[in-house]
$ cat structure07.cif   # mmCIF, C-alpha atoms and all ligand atoms
data_coords
#
loop_
_atom_site.label_atom_id
_atom_site.label_comp_id
_atom_site.auth_asym_id
_atom_site.auth_seq_id
_atom_site.Cartn_x
_atom_site.Cartn_y
_atom_site.Cartn_z
CA MET Q 1 -73.80 143.00 -60.49
CA ASP Q 2 -70.26 144.03 -61.36
CA THR Q 3 -68.88 141.30 -63.59
CA THR Q 4 -65.56 143.08 -64.05
CA LEU Q 5 -64.52 141.70 -60.65
CA TRP Q 6 -64.56 138.21 -62.07
CA LYS Q 7 -61.25 136.69 -62.92
CA GLY Q 8 -60.95 133.01 -63.60
CA GLY Q 9 -60.25 130.64 -66.40
CA ALA Q 10 -58.35 127.47 -67.08
CA LYS Q 11 -55.31 129.26 -68.49
CA ASP Q 12 -53.41 129.92 -65.31
CA LEU Q 13 -55.96 128.73 -62.68
CA SER Q 14 -55.71 132.19 -61.14
CA GLU Q 15 -58.75 133.14 -59.08
CA ARG Q 16 -59.75 135.87 -56.71
CA THR Q 17 -61.54 135.16 -53.48
CA PHE Q 18 -63.08 137.21 -50.70
CA ILE Q 19 -62.12 137.03 -47.02
CA MET Q 20 -63.38 138.87 -43.94
CA LEU Q 21 -61.68 138.89 -40.55
CA LYS Q 22 -64.48 139.13 -37.97
CA PRO Q 23 -64.59 141.54 -34.98
CA GLU Q 24 -63.14 138.95 -32.55
CA THR Q 25 -59.98 138.75 -34.66
CA LEU Q 26 -59.26 142.44 -34.12
CA MET Q 27 -60.39 142.37 -30.47
CA ARG Q 28 -58.06 139.43 -29.78
CA SER Q 29 -55.12 141.05 -31.64
CA LEU Q 30 -54.94 138.16 -34.10
CA ILE Q 31 -54.96 140.13 -37.38
CA GLY Q 32 -51.26 139.62 -38.03
CA ASP Q 33 -51.35 135.89 -37.27
CA VAL Q 34 -54.34 135.31 -39.54
CA ILE Q 35 -53.11 137.41 -42.47
CA SER Q 36 -49.72 135.77 -42.15
CA ARG Q 37 -51.29 132.33 -42.79
CA ILE Q 38 -52.77 133.62 -46.05
CA GLU Q 39 -49.50 135.26 -47.11
CA ARG Q 40 -47.35 132.27 -46.22
CA LYS Q 41 -49.53 130.01 -48.34
CA GLY Q 42 -48.35 132.07 -51.31
CA LEU Q 43 -51.49 134.02 -52.17
CA ASN Q 44 -51.35 137.70 -53.13
CA ILE Q 45 -53.43 140.16 -51.12
CA ILE Q 46 -54.75 142.51 -53.80
CA GLY Q 47 -57.31 144.45 -51.70
CA LEU Q 48 -57.52 145.16 -47.97
CA LYS Q 49 -59.66 147.50 -45.84
CA LEU Q 50 -60.58 148.03 -42.19
CA VAL Q 51 -64.29 148.83 -42.04
CA SER Q 52 -67.26 149.06 -39.69
CA LEU Q 53 -69.74 146.77 -41.38
CA SER Q 54 -73.18 148.34 -41.82
CA ARG Q 55 -76.22 146.11 -41.19
CA GLU Q 56 -77.08 146.59 -44.86
CA ASP Q 57 -73.71 145.29 -46.09
CA ALA Q 58 -73.76 142.48 -43.51
CA SER Q 59 -77.15 141.32 -44.77
CA LYS Q 60 -75.89 141.43 -48.38
CA LEU Q 61 -72.83 139.40 -47.40
CA TYR Q 62 -74.86 136.77 -45.54
CA GLU Q 63 -77.91 136.85 -47.82
CA MET Q 64 -77.74 133.07 -48.34
CA HIS Q 65 -78.25 132.48 -44.59
CA GLN Q 66 -81.38 134.63 -44.21
CA GLY Q 67 -84.07 132.69 -42.33
CA ARG Q 68 -81.63 130.43 -40.52
CA PRO Q 69 -81.76 130.45 -36.69
CA PHE Q 70 -78.22 131.82 -36.39
CA TYR Q 71 -78.79 134.66 -38.91
CA GLY Q 72 -79.87 137.45 -36.49
CA PRO Q 73 -77.09 136.83 -33.95
CA LEU Q 74 -74.59 136.54 -36.83
CA ILE Q 75 -75.54 139.98 -38.20
CA ASP Q 76 -75.43 141.47 -34.66
CA HIS Q 77 -72.00 139.96 -34.15
CA VAL Q 78 -70.32 141.02 -37.41
CA THR Q 79 -71.62 144.58 -36.99
CA SER Q 80 -70.47 144.79 -33.35
CA GLY Q 81 -66.94 146.02 -34.15
CA PRO Q 82 -64.51 146.63 -36.99
CA VAL Q 83 -63.72 143.94 -39.53
CA ILE Q 84 -61.06 143.56 -42.21
CA VAL Q 85 -62.22 142.76 -45.73
CA MET Q 86 -59.74 141.39 -48.22
CA VAL Q 87 -59.45 140.11 -51.76
CA VAL Q 88 -56.73 137.56 -52.38
CA GLU Q 89 -55.55 136.09 -55.63
CA GLY Q 90 -53.72 132.96 -56.67
CA PRO Q 91 -54.14 129.54 -58.26
CA ASN Q 92 -57.42 127.92 -57.12
CA ALA Q 93 -57.71 130.64 -54.48
CA VAL Q 94 -61.28 129.77 -53.38
CA VAL Q 95 -60.54 126.16 -52.45
CA ILE Q 96 -57.01 126.90 -51.22
CA VAL Q 97 -58.26 129.60 -48.81
CA ARG Q 98 -61.08 127.37 -47.52
CA GLY Q 99 -58.43 124.77 -46.70
CA VAL Q 100 -56.26 127.28 -44.83
CA VAL Q 101 -59.37 128.53 -42.95
CA GLY Q 102 -60.73 125.11 -41.86
CA ALA Q 103 -64.23 123.84 -41.06
CA THR Q 104 -66.96 126.34 -40.05
CA ASN Q 105 -67.43 124.71 -36.64
CA PRO Q 106 -64.17 124.98 -34.68
CA LEU Q 107 -65.02 121.61 -33.10
CA GLU Q 108 -64.48 120.08 -36.53
CA ALA Q 109 -61.65 122.32 -37.73
CA GLN Q 110 -58.31 120.55 -37.89
CA PRO Q 111 -55.31 121.83 -35.94
CA GLY Q 112 -53.12 123.78 -38.34
CA THR Q 113 -56.09 125.58 -39.86
CA ILE Q 114 -56.97 129.13 -38.79
CA ARG Q 115 -60.20 128.11 -37.08
CA GLY Q 116 -58.64 124.93 -35.69
CA ASP Q 117 -55.92 126.98 -34.04
CA PHE Q 118 -57.70 130.20 -32.99
CA ALA Q 119 -61.47 129.58 -32.56
CA LEU Q 120 -63.70 127.88 -29.99
CA ILE Q 121 -67.26 128.51 -31.19
CA THR Q 122 -68.93 128.74 -34.61
CA ARG Q 123 -70.26 132.31 -34.34
CA LYS Q 124 -66.82 133.65 -33.37
CA ASN Q 125 -64.88 131.56 -35.86
CA ILE Q 126 -62.40 134.34 -36.72
CA ILE Q 127 -62.72 134.47 -40.48
CA HIS Q 128 -65.18 134.23 -43.34
CA ALA Q 129 -64.08 132.98 -46.75
CA ALA Q 130 -66.23 132.75 -49.87
CA ASP Q 131 -67.32 129.19 -50.70
CA SER Q 132 -67.44 129.48 -54.50
CA MET Q 133 -66.11 131.72 -57.26
CA GLU Q 134 -69.61 133.05 -57.84
CA ASN Q 135 -70.05 134.03 -54.19
CA ALA Q 136 -66.50 135.42 -54.07
CA ARG Q 137 -67.35 137.75 -56.94
CA LYS Q 138 -70.61 138.87 -55.29
CA GLU Q 139 -69.03 139.36 -51.87
CA MET Q 140 -65.97 141.31 -53.05
CA SER Q 141 -68.20 143.63 -55.07
CA ILE Q 142 -69.97 144.72 -51.83
CA PHE Q 143 -66.71 146.22 -50.55
CA PHE Q 144 -64.36 146.84 -53.48
CA SER Q 145 -64.52 148.45 -56.88
CA GLU Q 146 -62.24 147.06 -59.57
CA ASP Q 147 -59.95 150.09 -59.43
CA GLU Q 148 -59.25 149.46 -55.72
CA LEU Q 149 -57.71 146.06 -56.45
CA VAL Q 150 -53.99 146.07 -57.14
CA GLU Q 151 -52.47 143.18 -59.07
CA TYR Q 152 -48.76 142.46 -58.90
CA GLU Q 153 -46.34 139.62 -59.21
CA LYS Q 154 -43.86 138.79 -56.47
CA PRO Q 155 -40.38 138.55 -57.96
CA THR Q 156 -39.63 135.17 -56.40
CA GLU Q 157 -42.97 133.58 -57.21
CA LYS Q 158 -42.09 131.86 -60.48
CA GLU Q 159 -38.77 130.63 -59.18
CA PHE Q 160 -39.83 129.23 -55.81
CA LEU Q 161 -43.56 128.51 -55.83
CA LEU Q 162 -45.01 127.64 -59.19
P1 LIG Q 201 -69.01 132.12 -42.08
O1 LIG Q 201 -68.03 131.30 -42.84
O2 LIG Q 201 -68.76 133.57 -41.92
O3 LIG Q 201 -70.44 131.91 -42.78
C1 LIG Q 201 -71.64 132.05 -42.08
C2 LIG Q 201 -71.41 132.22 -40.61
O4 LIG Q 201 -72.55 131.96 -39.82
C3 LIG Q 201 -70.39 131.19 -40.15
O5 LIG Q 201 -69.13 131.51 -40.63
C4 LIG Q 201 -70.58 131.27 -38.66
O6 LIG Q 201 -69.93 132.39 -38.08
C5 LIG Q 201 -72.09 131.48 -38.57
N1 LIG Q 201 -72.76 130.20 -38.31
C6 LIG Q 201 -72.97 129.19 -39.17
N2 LIG Q 201 -73.62 128.18 -38.56
C7 LIG Q 201 -73.83 128.57 -37.30
C8 LIG Q 201 -74.44 127.98 -36.18
N3 LIG Q 201 -74.97 126.77 -36.25
N4 LIG Q 201 -74.45 128.67 -35.03
C9 LIG Q 201 -73.92 129.91 -34.96
N5 LIG Q 201 -73.31 130.53 -35.99
C10 LIG Q 201 -73.27 129.86 -37.14
#

$ encode --input "structure07.cif" --output "structure tokens" --more "lines below"
Ligand code: CMP
Amino acid sequence: MDTTLWKGGAKDLSERTFIMLKPETLMRSLIGDVISRIERKGLNIIGLKLVSLSREDASKLYEMHQGRPFYGPLIDHVTSGPVIVMVVEGPNAVVIVRGVVGATNPLEAQPGTIRGDFALITRKNIIHAADSMENARKEMSIFFSEDELVEYEKPTEKEFLL
């Protein structure tokens, strides 16, 4: 396990989290809308790739769901077309992103969240976001090495956001 991908700590509350835009997001031409929600919240995208997910990487990503009835169809679905994998960074990024994303089941996702606004069914719920810092670290290390992540500070950030 690559622990160098971990960044956390009480000092500035800065965290990294992992996000994946699922095949339906690309097929429905929603990439821009979804990424825009993340950007507008104020988080920094520090890694981004368009990839065809292998079954091996998909099963690593969804390891915690192995054995569940939806697992097989989920792996088939996320390997059915290209996905976008991203690492984003900002204060409390894990919880903040989960809020922007909304509940797993679009029936429960509030309007104004990504899933609440763009998804109808759970399997095709547009986006995956890590549910803890530990899982974020594991998931980002499947797709990114530390030297592929680019940290920066937006010039207006201190003045207008924090
Ligand atoms: P995600 O946040 O990517 O994490 C696991 C995924 O499994 C979830 O989003 C859904 O796409 C899928 N999933 C979870 N529960 C169900 C379910 N009951 N039926 C179908 N798909 C599910």

$ closest_atom_pairs --input "structure07.cif" --of "chain Q" --to "ligand LIG 201 (chain Q)" --cutoff "7 Å" --atoms "all atoms listed in the file" --output "CSV"
residue,atom,partner,partner_atom,distance
Q:Tyr62,CA,Q:LIG201,C1,6.7
Q:Phe70,CA,Q:LIG201,C9,4.9
Q:Tyr71,CA,Q:LIG201,O4,6.9
Q:Leu74,CA,Q:LIG201,O4,5.8
Q:Thr104,CA,Q:LIG201,O5,5.6
Q:Thr122,CA,Q:LIG201,N5,4.9
Q:Arg123,CA,Q:LIG201,O6,3.8
Q:Lys124,CA,Q:LIG201,O6,5.8
Q:Asn125,CA,Q:LIG201,O6,5.6
Q:Ile127,CA,Q:LIG201,O2,6.3
Q:His128,CA,Q:LIG201,O2,3.9
Q:Ala129,CA,Q:LIG201,O1,5.8

$ atom_distance --input "structure07.cif" --atom1 "CA of Pro111 (chain Q)" --atom2 "CA of Glu24 (chain Q)"
19.1 Å

$ atom_distance --input "structure07.cif" --atom1 "CA of Gly116 (chain Q)" --atom2 "CA of Val78 (chain Q)"
20.0 Å

$ residues_around --input "structure07.cif" --residues "Glu148 (chain Q)" --least-positions-apart "4" --cutoff "9 Å" --atoms "all atoms listed in the file" --output "tab-separated table (two decimals) with C-alpha atoms, in the frame of the given file"
chain	number	residue	atom	x	y	z
Q	46	ILE	CA	-54.75	142.51	-53.80
Q	47	GLY	CA	-57.31	144.45	-51.70
Q	144	PHE	CA	-64.36	146.84	-53.48

$ closest_residue --input "structure07.cif" --among "Q:Leu30, Q:Ile84, Q:Val95, Q:Ile35" --to "Val51 (chain Q)" --atoms "all atoms listed in the file"
Q:Ile84

$ closest_residue --input "structure07.cif" --among "Q:Glu39, Q:Leu161, Q:Ile45, Q:Asp33" --to "Val87 (chain Q)" --atoms "all atoms listed in the file"
Q:Ile45

$ atom_distance --input "structure07.cif" --atom1 "CA of His65 (chain Q)" --atom2 "CA of Lys22 (chain Q)"
16.7 Å

$ closest_residue --input "structure07.cif" --among "Q:Leu53, Q:Met64, Q:Ile126, Q:Ala93" --to "Val34 (chain Q)" --atoms "all atoms listed in the file"
Q:Ile126

$ axis_aligned_box --input "structure07.cif" --around "region 88-93 of chain Q" --padding-each-side "4 Å" --output "JSON"
{"center_x": -55.7, "center_y": 132.7, "center_z": -55.3, "size_x": 12.0, "size_y": 17.6, "size_z": 13.9}

$ closest_residue --input "structure07.cif" --among "Q:Asn44, Q:Leu13, Q:Gly99, Q:Gly72" --to "Gly112 (chain Q)" --atoms "all atoms listed in the file"
Q:Gly99

$ residues_around --input "structure07.cif" --residues "Met86 (chain Q)" --least-positions-apart "2" --cutoff "6 Å" --atoms "all atoms listed in the file" --output "ChimeraX atom specification"
/Q:18-19,47-48

$ closest_residue --input "structure07.cif" --among "Q:Glu63, Q:Asp57, Q:Glu89, Q:Glu15" --to "Glu153 (chain Q)" --atoms "only C-alpha atoms"
Q:Glu89

$ closest_residue --input "structure07.cif" --among "Q:Lys60, Q:Lys138, Q:Lys49, Q:Arg68" --to "Met20 (chain Q)" --atoms "all atoms listed in the file"
Q:Lys49

$ residues_near_point --input "structure07.cif" --point "(-60.9, 124.5, -39.0)" --cutoff "6 Å" --atoms "all atoms listed in the file" --output "VMD selection string"
chain Q and resid 101 to 103 106 109 to 110 113 115 to 116

$ residues_near_point --input "structure07.cif" --point "(-73.1, 144.8, -34.9)" --cutoff "10 Å" --atoms "only C-alpha atoms" --output "count of residues only"
16

$ residues_around --input "structure07.cif" --residues "Ala136 (chain Q)" --least-positions-apart "6" --cutoff "8 Å" --atoms "all atoms listed in the file" --output "short mmCIF file (atom, residue, chain, number, x, y, z; two decimals) with C-alpha atoms, in the frame of the given file"
data_model
loop_
_atom_site.label_atom_id
_atom_site.label_comp_id
_atom_site.auth_asym_id
_atom_site.auth_seq_id
_atom_site.Cartn_x
_atom_site.Cartn_y
_atom_site.Cartn_z
CA ARG Q 16 -59.75 135.87 -56.71
CA THR Q 17 -61.54 135.16 -53.48
CA PHE Q 18 -63.08 137.21 -50.70
CA VAL Q 94 -61.28 129.77 -53.38
CA ALA Q 130 -66.23 132.75 -49.87
#

$ decode --input "structure07.cif" --residues "region 14-49 of chain Q" --atoms "N, CA and C atoms" --output "mmCIF file, in the first residue's frame"
data_model
loop_
_atom_site.group_PDB
_atom_site.id
_atom_site.type_symbol
_atom_site.label_atom_id
_atom_site.label_comp_id
_atom_site.auth_asym_id
_atom_site.auth_seq_id
_atom_site.Cartn_x
_atom_site.Cartn_y
_atom_site.Cartn_z
ATOM 1 N N SER Q 14 -6.855 19.927 5.359
ATOM 2 C CA SER Q 14 -6.787 19.564 3.950
ATOM 3 C C SER Q 14 -6.749 18.053 3.781
ATOM 4 N N GLU Q 15 -7.593 17.563 2.893
ATOM 5 C CA GLU Q 15 -7.662 16.130 2.600
ATOM 6 C C GLU Q 15 -7.696 15.941 1.097
ATOM 7 N N ARG Q 16 -7.351 14.720 0.709
ATOM 8 C CA ARG Q 16 -7.538 14.322 -0.685
ATOM 9 C C ARG Q 16 -8.635 13.272 -0.723
ATOM 10 N N THR Q 17 -9.448 13.309 -1.752
ATOM 11 C CA THR Q 17 -10.396 12.219 -1.920
ATOM 12 C C THR Q 17 -10.408 11.751 -3.373
ATOM 13 N N PHE Q 18 -11.013 10.569 -3.559
ATOM 14 C CA PHE Q 18 -11.036 9.939 -4.875
ATOM 15 C C PHE Q 18 -12.459 9.956 -5.429
ATOM 16 N N ILE Q 19 -12.546 10.272 -6.720
ATOM 17 C CA ILE Q 19 -13.839 10.347 -7.420
ATOM 18 C C ILE Q 19 -13.719 9.594 -8.742
ATOM 19 N N MET Q 20 -14.800 8.915 -9.135
ATOM 20 C CA MET Q 20 -14.838 8.337 -10.484
ATOM 21 C C MET Q 20 -16.173 8.695 -11.153
ATOM 22 N N LEU Q 21 -16.084 9.233 -12.353
ATOM 23 C CA LEU Q 21 -17.297 9.471 -13.144
ATOM 24 C C LEU Q 21 -17.552 8.213 -13.964
ATOM 25 N N LYS Q 22 -18.720 7.622 -13.802
ATOM 26 C CA LYS Q 22 -19.034 6.309 -14.386
ATOM 27 C C LYS Q 22 -19.359 6.432 -15.880
ATOM 28 N N PRO Q 23 -19.394 5.271 -16.599
ATOM 29 C CA PRO Q 23 -19.572 5.335 -18.065
ATOM 30 C C PRO Q 23 -20.792 6.140 -18.511
ATOM 31 N N GLU Q 24 -21.892 6.089 -17.756
ATOM 32 C CA GLU Q 24 -23.099 6.826 -18.176
ATOM 33 C C GLU Q 24 -22.869 8.333 -18.202
ATOM 34 N N THR Q 25 -21.936 8.807 -17.409
ATOM 35 C CA THR Q 25 -21.679 10.253 -17.353
ATOM 36 C C THR Q 25 -21.069 10.720 -18.671
ATOM 37 N N LEU Q 26 -20.140 9.911 -19.196
ATOM 38 C CA LEU Q 26 -19.546 10.235 -20.499
ATOM 39 C C LEU Q 26 -20.571 10.046 -21.605
ATOM 40 N N MET Q 27 -21.316 8.918 -21.549
ATOM 41 C CA MET Q 27 -22.271 8.598 -22.622
ATOM 42 C C MET Q 27 -23.395 9.633 -22.685
ATOM 43 N N ARG Q 28 -23.703 10.251 -21.545
ATOM 44 C CA ARG Q 28 -24.766 11.265 -21.525
ATOM 45 C C ARG Q 28 -24.222 12.689 -21.642
ATOM 46 N N SER Q 29 -22.921 12.800 -21.939
ATOM 47 C CA SER Q 29 -22.280 14.124 -22.118
ATOM 48 C C SER Q 29 -22.454 15.023 -20.889
ATOM 49 N N LEU Q 30 -22.278 14.414 -19.710
ATOM 50 C CA LEU Q 30 -22.456 15.177 -18.466
ATOM 51 C C LEU Q 30 -21.139 15.470 -17.739
ATOM 52 N N ILE Q 31 -20.005 15.125 -18.376
ATOM 53 C CA ILE Q 31 -18.717 15.310 -17.676
ATOM 54 C C ILE Q 31 -18.553 16.749 -17.174
ATOM 55 N N GLY Q 32 -18.780 17.693 -18.075
ATOM 56 C CA GLY Q 32 -18.562 19.105 -17.737
ATOM 57 C C GLY Q 32 -19.447 19.537 -16.577
ATOM 58 N N ASP Q 33 -20.732 19.149 -16.638
ATOM 59 C CA ASP Q 33 -21.663 19.537 -15.568
ATOM 60 C C ASP Q 33 -21.219 18.984 -14.221
ATOM 61 N N VAL Q 34 -20.776 17.725 -14.233
ATOM 62 C CA VAL Q 34 -20.427 17.075 -12.957
ATOM 63 C C VAL Q 34 -19.122 17.660 -12.405
ATOM 64 N N ILE Q 35 -18.119 17.804 -13.270
ATOM 65 C CA ILE Q 35 -16.844 18.356 -12.785
ATOM 66 C C ILE Q 35 -17.036 19.795 -12.310
ATOM 67 N N SER Q 36 -17.901 20.495 -12.993
ATOM 68 C CA SER Q 36 -18.173 21.885 -12.615
ATOM 69 C C SER Q 36 -18.709 21.997 -11.180
ATOM 70 N N ARG Q 37 -19.533 21.020 -10.769
ATOM 71 C CA ARG Q 37 -20.063 21.055 -9.387
ATOM 72 C C ARG Q 37 -18.935 20.942 -8.366
ATOM 73 N N ILE Q 38 -17.951 20.095 -8.706
ATOM 74 C CA ILE Q 38 -16.814 19.886 -7.793
ATOM 75 C C ILE Q 38 -15.963 21.170 -7.740
ATOM 76 N N GLU Q 39 -15.708 21.725 -8.916
ATOM 77 C CA GLU Q 39 -14.893 22.950 -8.997
ATOM 78 C C GLU Q 39 -15.562 24.107 -8.279
ATOM 79 N N ARG Q 40 -16.868 24.271 -8.522
ATOM 80 C CA ARG Q 40 -17.571 25.420 -7.958
ATOM 81 C C ARG Q 40 -17.656 25.347 -6.454
ATOM 82 N N LYS Q 41 -17.585 24.137 -5.897
ATOM 83 C CA LYS Q 41 -17.583 24.007 -4.438
ATOM 84 C C LYS Q 41 -16.310 24.609 -3.849
ATOM 85 N N GLY Q 42 -15.249 24.657 -4.669
ATOM 86 C CA GLY Q 42 -13.995 25.252 -4.201
ATOM 87 C C GLY Q 42 -12.865 24.260 -4.024
ATOM 88 N N LEU Q 43 -13.111 23.008 -4.438
ATOM 89 C CA LEU Q 43 -12.060 21.993 -4.296
ATOM 90 C C LEU Q 43 -11.086 22.077 -5.470
ATOM 91 N N ASN Q 44 -9.843 21.678 -5.229
ATOM 92 C CA ASN Q 44 -8.840 21.647 -6.298
ATOM 93 C C ASN Q 44 -8.773 20.249 -6.900
ATOM 94 N N ILE Q 45 -8.876 20.161 -8.219
ATOM 95 C CA ILE Q 45 -8.646 18.888 -8.904
ATOM 96 C C ILE Q 45 -7.134 18.758 -9.059
ATOM 97 N N ILE Q 46 -6.560 17.738 -8.431
ATOM 98 C CA ILE Q 46 -5.098 17.603 -8.484
ATOM 99 C C ILE Q 46 -4.654 16.387 -9.316
ATOM 100 N N GLY Q 47 -5.623 15.587 -9.784
ATOM 101 C CA GLY Q 47 -5.324 14.461 -10.672
ATOM 102 C C GLY Q 47 -6.566 14.146 -11.479
ATOM 103 N N LEU Q 48 -6.397 13.848 -12.771
ATOM 104 C CA LEU Q 48 -7.563 13.565 -13.608
ATOM 105 C C LEU Q 48 -7.129 12.730 -14.812
ATOM 106 N N LYS Q 49 -7.853 11.633 -15.068
ATOM 107 C CA LYS Q 49 -7.531 10.753 -16.201
ATOM 108 C C LYS Q 49 -8.806 10.169 -16.789
#
